[in-house]
Amino acid sequence: MVGFLGFQSTAKGSLTAESQQLAIDHAGDALPLTFVRSRRARRVSLRVDSARRQVILTAPQRMPFEMAIEFARMQAGWIAARLKRLPSPRPFVDGAEIPLFGVPHRIRHRPDARGTVWAEQGEIHVAGRAEHLPRRLRDWLTAEMRRHLPPLVHAKAVRVERPVKRLSLRDSRTRWGSCGPDGGLTFSWRLVFAPPEVLDYLVAHEVAHLVHMNHGPRFWALAERLCDGPMAVPRAWLRANGETLLQYGA
């Protein structure tokens, strides 16, 4: 069993080669839909992929296609409302504002400089050609997470007397962090946008899984002790703002 902390609901099963891009009509609008058949699914289900801004309709292998689509049509109002509530995309472009560990920074393109990224006085400067700005900024933000994360993780791991066998970053679409049975911890690089208390809570959560690979009372008690402050505050922040973190760089 693997402990994890997710930021969106997941349908049973996984994407397969049997996926189709569709659209259903609702109030004069065409709602985009990705239809997927899954060997593991036991019933039809819908979920919103916040990062990709699309709706996934998952159906069991033997369910008739029209039956699955009719289910989506019956839920068209929910789909439309859910898509409308998604935060707007926030691309990495000159002049855009992004948070760096919760502190607002303005992106500044510096075509006059060469091959580097740096932050100063509330701005993040990105050198080079404009078409390289998104990639260079993302690489720099990921490097910032790699710099800030290990000391926090290892300090909490020492408190529970457990080794961290591996520490990695990913752009996961379903989890902020995870703890594997081998003692490896993985986090989303997008936590570079979150306030420090949110990162602290998520690290506490995953380090606690090094001891308790479940979400029972002893796990939550340990996670609470590992946090620098009350867990309720960062958990509420994630519920309110987590989807926004997925839109930076979109």
# chains A, B, ... in the order shown; residues from 1 in each chain; ligands from 1

call {"tool": "residues_around", "arguments": {"residues": "A:Arg136", "least_positions_apart": "5", "cutoff": "9 Å", "atoms": "only C-alpha atoms", "output": "PyMOL selection string"}}
result
chain A and resi 115-117+126-127+141

call {"tool": "write_last_selection", "arguments": {"atoms": "all heavy atoms", "output": "mmCIF file, in the first residue's frame"}}
result
data_model
loop_
_atom_site.group_PDB
_atom_site.id
_atom_site.type_symbol
_atom_site.label_atom_id
_atom_site.label_comp_id
_atom_site.auth_asym_id
_atom_site.auth_seq_id
_atom_site.Cartn_x
_atom_site.Cartn_y
_atom_site.Cartn_z
ATOM 1 N N GLY A 115 21.275 33.366 -21.167
ATOM 2 C CA GLY A 115 21.237 32.037 -20.594
ATOM 3 C C GLY A 115 21.110 31.863 -19.098
ATOM 4 O O GLY A 115 21.712 30.945 -18.562
ATOM 5 N N THR A 116 20.360 32.707 -18.409
ATOM 6 C CA THR A 116 20.242 32.501 -16.980
ATOM 7 C C THR A 116 18.905 33.031 -16.474
ATOM 8 O O THR A 116 18.202 33.762 -17.172
ATOM 9 C CB THR A 116 21.400 33.187 -16.222
ATOM 10 O OG1 THR A 116 21.353 32.818 -14.844
ATOM 11 C CG2 THR A 116 21.305 34.703 -16.343
ATOM 12 N N VAL A 117 18.563 32.639 -15.247
ATOM 13 C CA VAL A 117 17.353 33.103 -14.581
ATOM 14 C C VAL A 117 17.741 33.506 -13.164
ATOM 15 O O VAL A 117 18.514 32.802 -12.508
ATOM 16 C CB VAL A 117 16.275 31.999 -14.529
ATOM 17 C CG1 VAL A 117 15.009 32.505 -13.840
ATOM 18 C CG2 VAL A 117 15.953 31.483 -15.927
ATOM 19 N N VAL A 126 14.312 36.429 -16.690
ATOM 20 C CA VAL A 126 14.601 35.285 -17.561
ATOM 21 C C VAL A 126 15.311 35.793 -18.801
ATOM 22 O O VAL A 126 14.740 36.563 -19.597
ATOM 23 C CB VAL A 126 13.317 34.532 -17.956
ATOM 24 C CG1 VAL A 126 13.672 33.278 -18.748
ATOM 25 C CG2 VAL A 126 12.494 34.179 -16.725
ATOM 26 N N ALA A 127 16.536 35.366 -18.980
ATOM 27 C CA ALA A 127 17.339 35.822 -20.111
ATOM 28 C C ALA A 127 17.061 34.985 -21.350
ATOM 29 O O ALA A 127 16.424 33.933 -21.292
ATOM 30 C CB ALA A 127 18.819 35.761 -19.751
ATOM 31 N N LEU A 141 12.463 27.100 -11.577
ATOM 32 C CA LEU A 141 11.540 26.880 -10.467
ATOM 33 C C LEU A 141 11.708 25.478 -9.889
ATOM 34 O O LEU A 141 11.676 25.287 -8.667
ATOM 35 C CB LEU A 141 10.099 27.089 -10.934
ATOM 36 C CG LEU A 141 9.706 28.532 -11.271
ATOM 37 C CD1 LEU A 141 8.367 28.553 -12.008
ATOM 38 C CD2 LEU A 141 9.638 29.383 -10.008
#

call {"tool": "residues_around", "arguments": {"residues": "A:His154", "least_positions_apart": "3", "cutoff": "9 Å", "atoms": "only C-alpha atoms", "output": "PyMOL selection string"}}
result
chain A and resi 149-151+157-159+163-164+207

call {"tool": "atom_distance", "arguments": {"atom1": "atom CA of A:Ala30", "atom2": "atom CA of A:Ile79"}}
result
11.0 Å

call {"tool": "residues_around", "arguments": {"residues": "stretch 215-223 of chain A", "least_positions_apart": "4", "cutoff": "6 Å", "atoms": "only C-alpha atoms", "output": "VMD selection string"}}
result
chain A and resid 204 to 205 208

call {"tool": "write_last_selection", "arguments": {"atoms": "N, CA, C and O atoms", "output": "PDB file, in the first residue's frame"}}
result
ATOM      1  N   ALA A 204       5.497  16.997   6.110  1.00  0.00           N
ATOM      2  CA  ALA A 204       5.133  16.290   7.337  1.00  0.00           C
ATOM      3  C   ALA A 204       4.230  15.093   7.027  1.00  0.00           C
ATOM      4  O   ALA A 204       4.386  14.004   7.602  1.00  0.00           O
ATOM      5  N   HIS A 205       3.291  15.306   6.120  1.00  0.00           N
ATOM      6  CA  HIS A 205       2.354  14.245   5.733  1.00  0.00           C
ATOM      7  C   HIS A 205       3.102  13.033   5.169  1.00  0.00           C
ATOM      8  O   HIS A 205       2.870  11.897   5.590  1.00  0.00           O
ATOM      9  N   ALA A 208       5.441  11.283   7.672  1.00  0.00           N
ATOM     10  CA  ALA A 208       4.658  10.466   8.600  1.00  0.00           C
ATOM     11  C   ALA A 208       4.324   9.106   7.987  1.00  0.00           C
ATOM     12  O   ALA A 208       4.183   8.106   8.706  1.00  0.00           O
TER      13      ALA A 208
END

call {"tool": "select_by_dssp", "arguments": {"residues": "stretch 31-203 of chain A", "states": "helix (DSSP H, G or I)", "output": "number ranges by chain"}}
result
A: 65-74, 76-85, 130-160, 189-193, 196-203

call {"tool": "decode", "arguments": {"residues": "stretch 19-39 of chain A", "atoms": "N, CA and C atoms", "output": "compact mmCIF listing (two decimals), in the first residue's frame"}}
result
# COMPACT_ATOMS: atom_id res chain seq x y z
N SER A 19 -9.09 5.50 -25.86
CA SER A 19 -9.63 6.80 -25.51
C SER A 19 -10.06 7.54 -26.78
N GLN A 20 -11.12 8.36 -26.63
CA GLN A 20 -11.64 9.14 -27.76
C GLN A 20 -11.92 10.55 -27.30
N GLN A 21 -11.67 11.51 -28.16
CA GLN A 21 -11.99 12.90 -27.89
C GLN A 21 -13.38 13.19 -28.44
N LEU A 22 -14.29 13.60 -27.56
CA LEU A 22 -15.68 13.82 -27.93
C LEU A 22 -16.14 15.18 -27.44
N ALA A 23 -17.38 15.51 -27.74
CA ALA A 23 -18.01 16.72 -27.21
C ALA A 23 -19.49 16.43 -27.05
N ILE A 24 -20.06 16.99 -25.98
CA ILE A 24 -21.50 16.87 -25.78
C ILE A 24 -22.09 18.26 -25.72
N ASP A 25 -23.31 18.40 -26.21
CA ASP A 25 -23.98 19.71 -26.26
C ASP A 25 -24.65 20.02 -24.93
N HIS A 26 -24.52 21.29 -24.54
CA HIS A 26 -25.21 21.76 -23.34
C HIS A 26 -25.43 23.26 -23.45
N ALA A 27 -26.69 23.65 -23.49
CA ALA A 27 -27.07 25.07 -23.53
C ALA A 27 -26.35 25.82 -24.64
N GLY A 28 -26.21 25.16 -25.79
CA GLY A 28 -25.58 25.80 -26.93
C GLY A 28 -24.07 25.72 -26.96
N ASP A 29 -23.47 25.12 -25.94
CA ASP A 29 -22.01 24.97 -25.89
C ASP A 29 -21.63 23.52 -26.14
N ALA A 30 -20.44 23.32 -26.69
CA ALA A 30 -19.88 21.99 -26.88
C ALA A 30 -18.89 21.74 -25.75
N LEU A 31 -19.20 20.78 -24.88
CA LEU A 31 -18.34 20.47 -23.75
C LEU A 31 -17.35 19.37 -24.14
N PRO A 32 -16.05 19.65 -24.09
CA PRO A 32 -15.06 18.63 -24.49
C PRO A 32 -15.03 17.48 -23.49
N LEU A 33 -14.84 16.29 -24.01
CA LEU A 33 -14.90 15.09 -23.20
C LEU A 33 -13.90 14.08 -23.73
N THR A 34 -13.17 13.45 -22.84
CA THR A 34 -12.30 12.34 -23.22
C THR A 34 -12.92 11.05 -22.71
N PHE A 35 -13.29 10.18 -23.63
CA PHE A 35 -13.92 8.91 -23.27
C PHE A 35 -12.86 7.83 -23.19
N VAL A 36 -12.86 7.09 -22.07
CA VAL A 36 -11.85 6.07 -21.82
C VAL A 36 -12.51 4.79 -21.35
N ARG A 37 -12.07 3.67 -21.89
CA ARG A 37 -12.48 2.37 -21.36
C ARG A 37 -11.36 1.84 -20.47
N SER A 38 -11.76 1.29 -19.33
CA SER A 38 -10.78 0.79 -18.38
C SER A 38 -11.12 -0.64 -17.98
N ARG A 39 -10.10 -1.47 -17.93
CA ARG A 39 -10.29 -2.86 -17.51
C ARG A 39 -10.65 -2.95 -16.03
